$ cat work_29.cif   # mmCIF, C-alpha atoms and all ligand atoms
data_entry
#
loop_
_atom_site.group_PDB
_atom_site.id
_atom_site.type_symbol
_atom_site.label_atom_id
_atom_site.label_comp_id
_atom_site.auth_asym_id
_atom_site.auth_seq_id
_atom_site.Cartn_x
_atom_site.Cartn_y
_atom_site.Cartn_z
ATOM 1 C CA MET A 1223 -27.523 -39.221 119.882
ATOM 2 C CA LYS A 1224 -27.375 -39.766 123.599
ATOM 3 C CA GLU A 1225 -31.099 -39.488 124.299
ATOM 4 C CA ALA A 1226 -31.877 -42.344 121.921
ATOM 5 C CA GLN A 1227 -29.657 -44.625 123.967
ATOM 6 C CA SER A 1228 -31.648 -44.053 127.092
ATOM 7 C CA ILE A 1229 -35.018 -44.782 125.508
ATOM 8 C CA GLN A 1230 -36.841 -47.550 127.304
ATOM 9 C CA TRP A 1231 -38.638 -49.683 124.779
ATOM 10 C CA PHE A 1232 -42.068 -50.621 126.028
ATOM 11 C CA PRO A 1233 -44.565 -52.501 123.849
ATOM 12 C CA GLY A 1234 -46.679 -49.358 123.409
ATOM 13 C CA HIS A 1235 -43.643 -47.405 122.355
ATOM 14 C CA MET A 1236 -42.698 -50.074 119.816
ATOM 15 C CA THR A 1237 -46.169 -50.008 118.299
ATOM 16 C CA LYS A 1238 -46.033 -46.216 118.012
ATOM 17 C CA THR A 1239 -42.575 -46.343 116.446
ATOM 18 C CA LYS A 1240 -43.709 -48.979 113.969
ATOM 19 C CA ARG A 1241 -46.720 -46.884 112.951
ATOM 20 C CA GLN A 1242 -44.637 -43.750 112.531
ATOM 21 C CA MET A 1243 -42.163 -45.630 110.424
ATOM 22 C CA GLU A 1244 -44.910 -47.083 108.256
ATOM 23 C CA LYS A 1245 -46.180 -43.542 107.700
ATOM 24 C CA SER A 1246 -42.756 -42.251 106.690
ATOM 25 C CA LEU A 1247 -42.229 -45.241 104.428
ATOM 26 C CA LYS A 1248 -45.097 -44.123 102.232
ATOM 27 C CA LEU A 1249 -43.078 -41.024 101.413
ATOM 28 C CA VAL A 1250 -39.907 -42.765 100.245
ATOM 29 C CA ASP A 1251 -38.703 -44.921 97.375
ATOM 30 C CA ALA A 1252 -36.084 -46.832 99.333
ATOM 31 C CA VAL A 1253 -34.816 -47.476 102.835
ATOM 32 C CA VAL A 1254 -31.226 -47.148 103.979
ATOM 33 C CA GLU A 1255 -30.804 -49.593 106.846
ATOM 34 C CA ILE A 1256 -27.737 -48.953 108.997
ATOM 35 C CA VAL A 1257 -26.118 -51.734 110.972
ATOM 36 C CA ASP A 1258 -22.912 -51.992 112.955
ATOM 37 C CA ALA A 1259 -20.307 -53.802 110.840
ATOM 38 C CA ARG A 1260 -18.812 -55.359 114.001
ATOM 39 C CA ILE A 1261 -22.094 -57.104 114.813
ATOM 40 C CA PRO A 1262 -24.091 -57.266 111.578
ATOM 41 C CA VAL A 1263 -26.595 -59.771 112.988
ATOM 42 C CA SER A 1264 -27.248 -58.340 116.439
ATOM 43 C CA SER A 1265 -27.534 -54.750 115.268
ATOM 44 C CA ARG A 1266 -30.429 -55.587 112.948
ATOM 45 C CA ASN A 1267 -33.990 -56.089 114.007
ATOM 46 C CA PRO A 1268 -35.864 -58.501 111.723
ATOM 47 C CA ILE A 1269 -39.075 -56.633 112.534
ATOM 48 C CA LEU A 1270 -37.899 -54.191 109.866
ATOM 49 C CA ASP A 1271 -38.678 -56.814 107.200
ATOM 50 C CA GLN A 1272 -42.287 -56.732 108.333
ATOM 51 C CA ILE A 1273 -42.377 -52.947 108.477
ATOM 52 C CA ILE A 1274 -40.830 -52.196 105.103
ATOM 53 C CA GLN A 1275 -42.142 -55.282 103.313
ATOM 54 C CA ARG A 1276 -41.165 -55.023 99.655
ATOM 55 C CA LYS A 1277 -39.770 -51.510 99.677
ATOM 56 C CA PRO A 1278 -36.261 -51.572 98.168
ATOM 57 C CA ARG A 1279 -33.509 -51.225 100.715
ATOM 58 C CA ILE A 1280 -29.776 -50.955 100.902
ATOM 59 C CA LEU A 1281 -27.695 -51.936 103.873
ATOM 60 C CA LEU A 1282 -24.932 -49.758 105.280
ATOM 61 C CA LEU A 1283 -22.374 -51.685 107.292
ATOM 62 C CA ASN A 1284 -21.337 -48.679 109.322
ATOM 63 C CA LYS A 1285 -18.351 -48.298 111.644
ATOM 64 C CA ALA A 1286 -16.449 -50.362 109.084
ATOM 65 C CA ASP A 1287 -13.352 -48.512 110.289
ATOM 66 C CA MET A 1288 -13.591 -50.557 113.496
ATOM 67 C CA ALA A 1289 -14.603 -53.870 111.901
ATOM 68 C CA ASP A 1290 -12.422 -56.589 110.407
ATOM 69 C CA PRO A 1291 -12.192 -55.670 106.690
ATOM 70 C CA THR A 1292 -12.119 -59.323 105.578
ATOM 71 C CA GLN A 1293 -15.326 -60.022 107.466
ATOM 72 C CA THR A 1294 -16.985 -56.881 106.112
ATOM 73 C CA SER A 1295 -16.238 -58.031 102.547
ATOM 74 C CA ARG A 1296 -17.661 -61.454 103.355
ATOM 75 C CA TRP A 1297 -20.831 -59.926 104.729
ATOM 76 C CA ILE A 1298 -21.249 -57.745 101.638
ATOM 77 C CA ALA A 1299 -20.837 -60.798 99.371
ATOM 78 C CA HIS A 1300 -23.256 -62.756 101.551
ATOM 79 C CA TYR A 1301 -25.969 -60.107 101.325
ATOM 80 C CA GLU A 1302 -25.434 -59.912 97.587
ATOM 81 C CA THR A 1303 -26.287 -63.606 97.262
ATOM 82 C CA LYS A 1304 -29.538 -62.765 99.068
ATOM 83 C CA GLY A 1305 -30.263 -59.967 96.603
ATOM 84 C CA LEU A 1306 -29.493 -57.200 99.097
ATOM 85 C CA LEU A 1307 -27.030 -54.478 98.150
ATOM 86 C CA ALA A 1308 -24.665 -53.599 100.989
ATOM 87 C CA ILE A 1309 -21.704 -51.261 101.407
ATOM 88 C CA GLY A 1310 -19.142 -50.802 104.140
ATOM 89 C CA VAL A 1311 -18.933 -47.202 105.353
ATOM 90 C CA ASP A 1312 -17.567 -44.982 108.073
ATOM 91 C CA CYS A 1313 -20.082 -42.261 108.784
ATOM 92 C CA ARG A 1314 -17.715 -40.536 111.184
ATOM 93 C CA SER A 1315 -15.135 -39.774 108.472
ATOM 94 C CA GLY A 1316 -17.451 -40.174 105.490
ATOM 95 C CA LYS A 1317 -15.374 -42.967 103.968
ATOM 96 C CA GLY A 1318 -17.387 -45.099 101.535
ATOM 97 C CA LEU A 1319 -20.361 -42.736 101.475
ATOM 98 C CA ASN A 1320 -19.684 -41.767 97.859
ATOM 99 C CA GLN A 1321 -21.115 -45.221 97.088
ATOM 100 C CA LEU A 1322 -24.439 -44.449 98.720
ATOM 101 C CA ILE A 1323 -26.277 -42.748 95.856
ATOM 102 C CA PRO A 1324 -24.983 -45.095 93.106
ATOM 103 C CA THR A 1325 -26.004 -48.078 95.251
ATOM 104 C CA VAL A 1326 -29.497 -46.722 95.891
ATOM 105 C CA ARG A 1327 -29.860 -46.096 92.156
ATOM 106 C CA LEU A 1328 -28.794 -49.656 91.460
ATOM 107 C CA ALA A 1329 -31.334 -50.995 93.969
ATOM 108 C CA LEU A 1330 -34.010 -48.905 92.233
ATOM 109 C CA LYS A 1331 -32.891 -49.652 88.702
ATOM 110 C CA ASP A 1332 -36.170 -51.305 87.604
ATOM 111 C CA LYS A 1333 -38.265 -48.604 89.235
ATOM 112 C CA ILE A 1334 -36.208 -45.858 87.581
ATOM 113 C CA ALA A 1335 -36.606 -47.581 84.188
ATOM 114 C CA SER A 1336 -40.376 -47.750 84.665
ATOM 115 C CA TRP A 1337 -40.537 -44.061 85.688
ATOM 116 C CA GLU A 1338 -38.586 -43.162 82.577
ATOM 117 C CA GLN A 1339 -40.964 -45.156 80.404
ATOM 118 C CA LYS A 1340 -43.787 -43.127 81.884
ATOM 119 C CA GLY A 1341 -41.955 -39.940 80.982
ATOM 120 C CA MET A 1342 -40.678 -39.214 84.484
ATOM 121 C CA VAL A 1343 -37.061 -38.746 83.557
ATOM 122 C CA GLY A 1344 -34.892 -37.527 86.436
ATOM 123 C CA ARG A 1345 -37.669 -38.022 89.008
ATOM 124 C CA THR A 1346 -36.421 -37.215 92.509
ATOM 125 C CA ILE A 1347 -35.473 -40.257 94.543
ATOM 126 C CA ARG A 1348 -36.380 -40.113 98.215
ATOM 127 C CA VAL A 1349 -34.905 -42.293 100.925
ATOM 128 C CA MET A 1350 -35.150 -42.657 104.685
ATOM 129 C CA VAL A 1351 -32.585 -43.909 107.172
ATOM 130 C CA VAL A 1352 -33.434 -46.534 109.777
ATOM 131 C CA GLY A 1353 -31.528 -48.434 112.447
ATOM 132 C CA ILE A 1354 -31.257 -49.214 116.135
ATOM 133 C CA PRO A 1355 -29.941 -46.537 118.536
ATOM 134 C CA ASN A 1356 -26.272 -45.620 118.376
ATOM 135 C CA VAL A 1357 -25.617 -47.270 115.050
ATOM 136 C CA GLY A 1358 -24.765 -43.996 113.306
ATOM 137 C CA LYS A 1359 -28.050 -42.670 111.874
ATOM 138 C CA SER A 1360 -27.479 -39.049 112.946
ATOM 139 C CA SER A 1361 -23.876 -39.198 111.817
ATOM 140 C CA LEU A 1362 -25.022 -40.287 108.358
ATOM 141 C CA ILE A 1363 -27.746 -37.671 108.110
ATOM 142 C CA ASN A 1364 -25.489 -34.866 109.328
ATOM 143 C CA ARG A 1365 -22.737 -35.870 106.956
ATOM 144 C CA MET A 1366 -25.028 -36.148 103.942
ATOM 145 C CA ALA A 1367 -27.013 -33.005 104.772
ATOM 146 C CA LYS A 1368 -24.033 -30.646 104.934
ATOM 147 C CA GLY A 1369 -25.517 -27.211 104.379
ATOM 148 C CA SER A 1370 -28.483 -28.246 102.294
ATOM 149 C CA ARG A 1371 -31.158 -28.603 104.966
ATOM 150 C CA ALA A 1372 -32.434 -25.019 104.900
ATOM 151 C CA ASP A 1373 -33.192 -25.021 101.129
ATOM 152 C CA VAL A 1374 -35.775 -27.735 101.381
ATOM 153 C CA GLU A 1375 -37.423 -26.811 104.667
ATOM 154 C CA ASP A 1376 -39.004 -23.752 103.107
ATOM 155 C CA ARG A 1377 -41.182 -25.652 100.679
ATOM 156 C CA PRO A 1378 -44.955 -25.314 101.035
ATOM 157 C CA GLY A 1379 -46.631 -28.300 102.651
ATOM 158 C CA VAL A 1380 -43.514 -29.393 104.478
ATOM 159 C CA THR A 1381 -44.272 -30.377 108.061
ATOM 160 C CA ARG A 1382 -42.124 -31.496 110.960
ATOM 161 C CA ASP A 1383 -42.633 -35.111 109.896
ATOM 162 C CA ASN A 1384 -41.566 -34.810 106.317
ATOM 163 C CA ARG A 1385 -38.644 -32.468 106.055
ATOM 164 C CA TRP A 1386 -36.225 -33.378 103.360
ATOM 165 C CA PHE A 1387 -32.791 -32.329 102.459
ATOM 166 C CA SER A 1388 -31.225 -32.664 99.134
ATOM 167 C CA ILE A 1389 -28.026 -34.666 99.084
ATOM 168 C CA SER A 1390 -27.432 -34.303 95.383
ATOM 169 C CA LYS A 1391 -29.449 -33.291 92.350
ATOM 170 C CA GLY A 1392 -32.598 -35.414 92.240
ATOM 171 C CA PHE A 1393 -31.868 -37.192 95.506
ATOM 172 C CA GLU A 1394 -33.463 -36.386 98.867
ATOM 173 C CA MET A 1395 -33.272 -37.829 102.338
ATOM 174 C CA LEU A 1396 -35.855 -37.617 105.119
ATOM 175 C CA ASP A 1397 -34.234 -35.605 107.890
ATOM 176 C CA THR A 1398 -35.552 -37.776 110.745
ATOM 177 C CA PRO A 1399 -34.349 -41.358 110.983
ATOM 178 C CA GLY A 1400 -36.520 -44.317 111.886
ATOM 179 C CA VAL A 1401 -35.261 -45.517 115.256
ATOM 180 C CA LEU A 1402 -35.722 -49.259 115.607
ATOM 181 C CA TRP A 1403 -35.598 -50.961 118.974
ATOM 182 C CA PRO A 1404 -32.883 -53.581 119.422
ATOM 183 C CA LYS A 1405 -33.856 -57.232 119.480
ATOM 184 C CA PHE A 1406 -33.057 -58.109 123.092
ATOM 185 C CA GLU A 1407 -34.705 -61.504 123.479
ATOM 186 C CA ASP A 1408 -31.686 -63.479 122.394
ATOM 187 C CA LYS A 1409 -28.981 -63.571 125.108
ATOM 188 C CA LEU A 1410 -26.085 -63.425 122.652
ATOM 189 C CA VAL A 1411 -27.620 -60.475 120.821
ATOM 190 C CA GLY A 1412 -27.963 -58.588 124.108
ATOM 191 C CA GLU A 1413 -24.331 -59.325 124.958
ATOM 192 C CA HIS A 1414 -23.040 -58.186 121.589
ATOM 193 C CA LEU A 1415 -25.019 -54.968 121.816
ATOM 194 C CA ALA A 1416 -23.541 -54.399 125.258
ATOM 195 C CA PHE A 1417 -19.962 -55.097 124.072
ATOM 196 C CA THR A 1418 -20.224 -52.401 121.439
ATOM 197 C CA GLY A 1419 -21.923 -49.958 123.808
ATOM 198 C CA ALA A 1420 -25.219 -49.932 121.895
ATOM 199 C CA VAL A 1421 -27.006 -50.645 125.170
ATOM 200 C CA ARG A 1422 -26.084 -49.024 128.417
ATOM 201 C CA ASP A 1423 -23.719 -50.598 130.914
ATOM 202 C CA GLN A 1424 -25.764 -49.804 134.001
ATOM 203 C CA VAL A 1425 -27.909 -52.841 133.370
ATOM 204 C CA VAL A 1426 -25.088 -55.355 133.351
ATOM 205 C CA ASP A 1427 -22.217 -56.493 135.525
ATOM 206 C CA LEU A 1428 -19.064 -55.150 133.913
ATOM 207 C CA GLU A 1429 -16.735 -57.928 135.021
ATOM 208 C CA TRP A 1430 -19.117 -60.523 133.688
ATOM 209 C CA LEU A 1431 -19.510 -58.584 130.445
ATOM 210 C CA ALA A 1432 -15.753 -58.196 129.977
ATOM 211 C CA CYS A 1433 -15.273 -61.924 130.644
ATOM 212 C CA ARG A 1434 -17.842 -62.768 127.987
ATOM 213 C CA LEU A 1435 -16.063 -60.474 125.531
ATOM 214 C CA ILE A 1436 -12.686 -62.006 126.396
ATOM 215 C CA GLU A 1437 -14.173 -65.466 125.837
ATOM 216 C CA GLU A 1438 -15.157 -64.529 122.295
ATOM 217 C CA LEU A 1439 -11.916 -62.712 121.538
ATOM 218 C CA LYS A 1440 -9.891 -65.617 122.904
ATOM 219 C CA THR A 1441 -11.321 -67.808 120.138
ATOM 220 C CA ALA A 1442 -11.628 -65.383 117.250
ATOM 221 C CA TYR A 1443 -8.872 -62.793 117.869
ATOM 222 C CA PRO A 1444 -6.429 -64.147 120.503
ATOM 223 C CA LYS A 1445 -3.600 -62.025 119.137
ATOM 224 C CA ALA A 1446 -5.601 -58.866 119.754
ATOM 225 C CA ILE A 1447 -5.618 -59.631 123.490
ATOM 226 C CA GLN A 1448 -2.027 -60.796 123.582
ATOM 227 C CA GLU A 1449 -0.704 -57.725 121.792
ATOM 228 C CA ARG A 1450 -2.798 -55.124 123.546
ATOM 229 C CA TYR A 1451 -2.199 -56.485 127.030
ATOM 230 C CA LYS A 1452 1.378 -57.651 126.552
ATOM 231 C CA MET A 1453 0.589 -61.307 126.954
ATOM 232 C CA GLN A 1454 2.497 -62.602 123.925
ATOM 233 C CA ASP A 1455 4.302 -65.176 126.033
ATOM 234 C CA ILE A 1456 1.138 -66.546 127.574
ATOM 235 C CA ASP A 1457 -0.940 -69.298 125.967
ATOM 236 C CA LEU A 1458 -4.518 -68.090 126.372
ATOM 237 C CA GLU A 1459 -6.070 -71.366 125.309
ATOM 238 C CA PRO A 1460 -6.125 -73.178 128.691
ATOM 239 C CA LEU A 1461 -7.040 -70.013 130.646
ATOM 240 C CA GLN A 1462 -10.530 -69.134 131.817
ATOM 241 C CA SER A 1463 -11.675 -65.680 130.764
ATOM 242 C CA TYR A 1464 -11.597 -64.473 134.386
ATOM 243 C CA GLU A 1465 -7.961 -65.567 134.651
ATOM 244 C CA ILE A 1466 -7.191 -63.569 131.518
ATOM 245 C CA LEU A 1467 -8.972 -60.556 133.034
ATOM 246 C CA GLU A 1468 -6.839 -60.913 136.174
ATOM 247 C CA GLN A 1469 -3.705 -61.106 134.063
ATOM 248 C CA ILE A 1470 -4.740 -57.946 132.216
ATOM 249 C CA GLY A 1471 -5.247 -56.150 135.543
ATOM 250 C CA LYS A 1472 -1.897 -57.418 136.781
ATOM 251 C CA ASN A 1473 -0.055 -56.346 133.639
ATOM 252 C CA ARG A 1474 -1.621 -52.905 133.873
ATOM 253 C CA GLY A 1475 -0.704 -52.579 137.559
ATOM 254 C CA MET A 1476 -4.360 -52.310 138.575
ATOM 255 C CA LEU A 1477 -3.990 -53.256 142.205
ATOM 256 C CA MET A 1478 -6.102 -52.487 145.241
ATOM 257 C CA SER A 1479 -4.749 -51.851 148.723
ATOM 258 C CA GLY A 1480 -3.601 -55.225 149.963
ATOM 259 C CA GLY A 1481 -2.252 -56.097 146.522
ATOM 260 C CA GLN A 1482 -5.393 -57.710 145.127
ATOM 261 C CA ILE A 1483 -6.003 -57.218 141.418
ATOM 262 C CA ASN A 1484 -8.728 -54.705 140.663
ATOM 263 C CA THR A 1485 -10.634 -56.774 138.123
ATOM 264 C CA GLU A 1486 -13.419 -54.210 137.864
ATOM 265 C CA ARG A 1487 -10.969 -51.597 136.592
ATOM 266 C CA ALA A 1488 -9.509 -54.183 134.232
ATOM 267 C CA ALA A 1489 -13.011 -54.967 132.947
ATOM 268 C CA ILE A 1490 -13.718 -51.286 132.282
ATOM 269 C CA ALA A 1491 -10.394 -50.980 130.449
ATOM 270 C CA VAL A 1492 -11.135 -53.992 128.230
ATOM 271 C CA LEU A 1493 -14.641 -52.775 127.353
ATOM 272 C CA ASP A 1494 -13.572 -49.164 126.736
ATOM 273 C CA GLU A 1495 -10.629 -50.214 124.638
ATOM 274 C CA PHE A 1496 -12.662 -52.659 122.584
ATOM 275 C CA ARG A 1497 -15.261 -49.946 121.933
ATOM 276 C CA ALA A 1498 -12.562 -47.530 120.854
ATOM 277 C CA ALA A 1499 -11.086 -50.203 118.521
ATOM 278 C CA LYS A 1500 -7.804 -50.114 120.432
ATOM 279 C CA LEU A 1501 -7.675 -53.895 120.215
ATOM 280 C CA GLY A 1502 -7.728 -53.600 116.443
ATOM 281 C CA ARG A 1503 -10.442 -54.047 113.843
ATOM 282 C CA ILE A 1504 -12.711 -56.783 115.110
ATOM 283 C CA THR A 1505 -15.946 -58.348 113.869
ATOM 284 C CA LEU A 1506 -17.751 -60.512 116.386
ATOM 285 C CA GLU A 1507 -20.255 -62.115 114.021
ATOM 286 C CA GLN A 1508 -19.156 -64.136 111.033
ATOM 287 C CA VAL A 1509 -21.073 -65.241 107.996
ATOM 288 C CA ARG A 1510 -22.116 -68.859 108.483
ATOM 289 C CA GLY A 1511 -22.160 -71.544 105.844
HETATM 290 P P1 LIG A 1601 -27.603 -42.847 116.137
HETATM 291 O O1 LIG A 1601 -28.036 -41.578 115.509
HETATM 292 O O2 LIG A 1601 -27.903 -44.049 115.286
HETATM 293 O O3 LIG A 1601 -28.074 -43.058 117.545
HETATM 294 O O4 LIG A 1601 -25.996 -42.838 116.208
HETATM 295 P P2 LIG A 1601 -24.983 -41.585 116.147
HETATM 296 O O5 LIG A 1601 -24.900 -41.057 114.754
HETATM 297 O O6 LIG A 1601 -25.311 -40.638 117.240
HETATM 298 O O7 LIG A 1601 -23.606 -42.336 116.451
HETATM 299 C C1 LIG A 1601 -23.357 -42.974 117.689
HETATM 300 C C2 LIG A 1601 -21.863 -42.926 117.969
HETATM 301 O O8 LIG A 1601 -21.183 -43.689 116.962
HETATM 302 C C3 LIG A 1601 -21.254 -41.537 117.911
HETATM 303 O O9 LIG A 1601 -20.171 -41.520 118.822
HETATM 304 C C4 LIG A 1601 -20.702 -41.464 116.496
HETATM 305 O O10 LIG A 1601 -19.652 -40.527 116.356
HETATM 306 C C5 LIG A 1601 -20.190 -42.866 116.347
HETATM 307 N N1 LIG A 1601 -20.106 -43.279 114.934
HETATM 308 C C6 LIG A 1601 -21.073 -43.189 113.985
HETATM 309 N N2 LIG A 1601 -20.644 -43.693 112.821
HETATM 310 C C7 LIG A 1601 -19.379 -44.114 113.029
HETATM 311 C C8 LIG A 1601 -18.406 -44.761 112.196
HETATM 312 O O11 LIG A 1601 -18.634 -45.085 111.020
HETATM 313 N N3 LIG A 1601 -17.209 -45.045 112.791
HETATM 314 C C9 LIG A 1601 -16.935 -44.752 114.082
HETATM 315 N N4 LIG A 1601 -15.732 -45.081 114.546
HETATM 316 N N5 LIG A 1601 -17.835 -44.154 114.892
HETATM 317 C C10 LIG A 1601 -19.028 -43.846 114.370
HETATM 318 P P3 LIG A 1601 -20.266 -40.810 120.218
HETATM 319 O O12 LIG A 1601 -19.072 -41.245 120.977
HETATM 320 O O13 LIG A 1601 -21.606 -41.052 120.814
HETATM 321 O O14 LIG A 1601 -20.198 -39.322 119.849
HETATM 322 P P4 LIG A 1601 -18.930 -38.492 119.315
HETATM 323 O O15 LIG A 1601 -17.732 -39.011 120.048
HETATM 324 O O16 LIG A 1601 -18.810 -38.722 117.846
HETATM 325 O O17 LIG A 1601 -19.298 -37.112 119.658
#
$ encode --input "work_29.cif" --output "structure tokens"
Amino acid sequence: MKEAQSIQWFPGHMTKTKRQMEKSLKLVDAVVEIVDARIPVSSRNPILDQIIQRKPRILLLNKADMADPTQTSRWIAHYETKGLLAIGVDCRSGKGLNQLIPTVRLALKDKIASWEQKGMVGRTIRVMVVGIPNVGKSSLINRMAKGSRADVEDRPGVTRDNRWFSISKGFEMLDTPGVLWPKFEDKLVGEHLAFTGAVRDQVVDLEWLACRLIEELKTAYPKAIQERYKMQDIDLEPLQSYEILEQIGKNRGMLMSGGQINTERAAIAVLDEFRAAKLGRITLEQVRG
């Protein structure tokens, strides 16, 4: 969803988005919030709590194929202690998505019981998808919709704002996701969003960004750097991140005329390769406590 990435979030735009989302929320029983499993904190915007209030929600830790599986399990357990049901999924391949409907049903278990008491057995459950740009909302919707979109569009009273598709018997999803703006104020959040490519590179210095990423990887996943960039014999610990970047450029033969190391090319390589999970499955934000 390229256009979503280039949206500039101005206060007026945020207010409009919030209002639209509040309108859509009235139409659904539960919210499916998608986050990036590699950065489960930075890819959420706490404003959503205010917007959805007490509406039941489930959390999809998407891109789990690129995240550290141990960390993803820890996050899921952590959310569970907070009473929030979460699942790790890969919306690109569809892995884990068979858990979506059962998990929504579990989150709505009391509501479903009360509907049944009132004689509404098998009442259709409606959900909407929300998340910041690039987190995988369209991928989820496209994967769940398959060929079912046309059947539901033809219903009377269906407008552009409330088109549904049926993803299984008695279960419908709003076909337009709620696009949340990322929470930029915190420096670390902004950096993590930039590492994963959720915000565009034009706004930041790539060498600086790659050095910041290397700094984090050096502590949490040193082997990932050593293996990918053939630095097994080098102790990363005493090195500054810029020295590691230079070493990466050197090992890759990224030289400019005059023999100087092209650290900008090295930075682009590190960022691209991290984003493509070529450094392995990495989670940059751990559960604390
Ligand atoms: P959005 O609607 O929330 O903005 O996100 P969208 O679905 O457009 O996904 C953004 C990018 O993330 C896409 O890649 C998509 O393929 C990728 N993606 C979504 N879910 C997953 C996942 O679970 N695992 C992995 N590895 N990638 C995922 P793209 O490069 O922009 O497009 P394309 O290469 O797929 O065409």
$ residues_around --input "work_29.cif" --residues "Leu1270 of chain A" --least-positions-apart "3" --cutoff "12 Å" --atoms "only C-alpha atoms" --output "mmCIF file with C-alpha atoms, in the coordinates of the input"
data_model
loop_
_atom_site.group_PDB
_atom_site.id
_atom_site.type_symbol
_atom_site.label_atom_id
_atom_site.label_comp_id
_atom_site.auth_asym_id
_atom_site.auth_seq_id
_atom_site.Cartn_x
_atom_site.Cartn_y
_atom_site.Cartn_z
ATOM 1 C CA MET A 1236 -42.698 -50.074 119.816
ATOM 2 C CA THR A 1239 -42.575 -46.343 116.446
ATOM 3 C CA LYS A 1240 -43.709 -48.979 113.969
ATOM 4 C CA ARG A 1241 -46.720 -46.884 112.951
ATOM 5 C CA MET A 1243 -42.163 -45.630 110.424
ATOM 6 C CA GLU A 1244 -44.910 -47.083 108.256
ATOM 7 C CA LEU A 1247 -42.229 -45.241 104.428
ATOM 8 C CA VAL A 1253 -34.816 -47.476 102.835
ATOM 9 C CA VAL A 1254 -31.226 -47.148 103.979
ATOM 10 C CA GLU A 1255 -30.804 -49.593 106.846
ATOM 11 C CA ILE A 1256 -27.737 -48.953 108.997
ATOM 12 C CA SER A 1265 -27.534 -54.750 115.268
ATOM 13 C CA ARG A 1266 -30.429 -55.587 112.948
ATOM 14 C CA ASN A 1267 -33.990 -56.089 114.007
ATOM 15 C CA ILE A 1273 -42.377 -52.947 108.477
ATOM 16 C CA ILE A 1274 -40.830 -52.196 105.103
ATOM 17 C CA GLN A 1275 -42.142 -55.282 103.313
ATOM 18 C CA ARG A 1276 -41.165 -55.023 99.655
ATOM 19 C CA LYS A 1277 -39.770 -51.510 99.677
ATOM 20 C CA ARG A 1279 -33.509 -51.225 100.715
ATOM 21 C CA VAL A 1351 -32.585 -43.909 107.172
ATOM 22 C CA VAL A 1352 -33.434 -46.534 109.777
ATOM 23 C CA GLY A 1353 -31.528 -48.434 112.447
ATOM 24 C CA ILE A 1354 -31.257 -49.214 116.135
ATOM 25 C CA GLY A 1400 -36.520 -44.317 111.886
ATOM 26 C CA VAL A 1401 -35.261 -45.517 115.256
ATOM 27 C CA LEU A 1402 -35.722 -49.259 115.607
ATOM 28 C CA TRP A 1403 -35.598 -50.961 118.974
ATOM 29 C CA PRO A 1404 -32.883 -53.581 119.422
ATOM 30 C CA LYS A 1405 -33.856 -57.232 119.480
#
$ closest_residue --input "work_29.cif" --among "A:Asn1473, A:Thr1418, A:Ser1361, A:Thr1303" --to "ligand LIG 1601 (chain A)" --atoms "all atoms listed in the file"
A:Ser1361
$ closest_atom_pairs --input "work_29.cif" --of "chain A" --to "ligand LIG 1601 (chain A)" --cutoff "7 Å" --atoms "all atoms listed in the file" --output "tab-separated table"
residue	atom	partner	partner_atom	distance
A:Met1223	CA	A:LIG1601	O6	3.7
A:Lys1224	CA	A:LIG1601	O13	6.5
A:Ala1226	CA	A:LIG1601	O3	5.8
A:Gln1227	CA	A:LIG1601	O3	6.8
A:Asn1284	CA	A:LIG1601	O11	4.8
A:Lys1285	CA	A:LIG1601	O11	3.3
A:Ala1286	CA	A:LIG1601	O11	6.0
A:Asp1287	CA	A:LIG1601	N3	5.8
A:Met1288	CA	A:LIG1601	N4	6.0
A:Val1311	CA	A:LIG1601	O11	6.1
A:Asp1312	CA	A:LIG1601	O11	3.1
A:Cys1313	CA	A:LIG1601	O11	3.9
A:Arg1314	CA	A:LIG1601	C7	4.4
A:Ser1315	CA	A:LIG1601	O11	6.9
A:Gly1353	CA	A:LIG1601	O2	6.4
A:Ile1354	CA	A:LIG1601	O2	6.2
A:Pro1355	CA	A:LIG1601	O3	4.1
A:Asn1356	CA	A:LIG1601	O3	3.2
A:Val1357	CA	A:LIG1601	O2	4.0
A:Gly1358	CA	A:LIG1601	O5	3.3
A:Lys1359	CA	A:LIG1601	O2	3.7
A:Ser1360	CA	A:LIG1601	O1	3.6
A:Ser1361	CA	A:LIG1601	O5	3.6
A:Leu1362	CA	A:LIG1601	O5	6.4
$ axis_aligned_box --input "work_29.cif" --around "segment 1352-1368 of chain A" --padding-each-side "8 Å" --output "JSON"
{"center_x": -28.1, "center_y": -39.9, "center_z": 111.2, "size_x": 26.7, "size_y": 34.6, "size_z": 30.6}
$ resolve_selection --input "work_29.cif" --expression "the PyMOL selection byres (((chain A and resi 1428-1434) around 6) and not hetatm)" --output "PyMOL selection string"
chain A and resi 1427+1435-1437+1463-1464+1486+1489
$ closest_residue --input "work_29.cif" --among "A:Ala1259, A:Ile1347, A:Ile1269, A:Met1366" --to "Ala1308 of chain A" --atoms "only C-alpha atoms"
A:Ala1259
$ atom_distance --input "work_29.cif" --atom1 "atom CA of Thr1505 of chain A" --atom2 "atom CA of Ala1289 of chain A"
5.1 Å
$ atom_distance --input "work_29.cif" --atom1 "atom CA of Val1426 of chain A" --atom2 "atom CA of Asp1258 of chain A"
20.8 Å
$ closest_residue --input "work_29.cif" --among "A:Lys1368, A:Lys1333, A:Arg1497, A:Arg1450" --to "Leu1415 of chain A" --atoms "only C-alpha atoms"
A:Arg1497
$ atom_distance --input "work_29.cif" --atom1 "atom CA of Ala1446 of chain A" --atom2 "atom CA of Gly1318 of chain A"
25.7 Å
$ residues_around --input "work_29.cif" --residues "Val1343 of chain A" --least-positions-apart "5" --cutoff "12 Å" --atoms "all atoms listed in the file" --output "list in words"
Lys1333, Ile1334, Ala1335, Ser1336, Trp1337, Glu1338 and Gly1392 of chain A
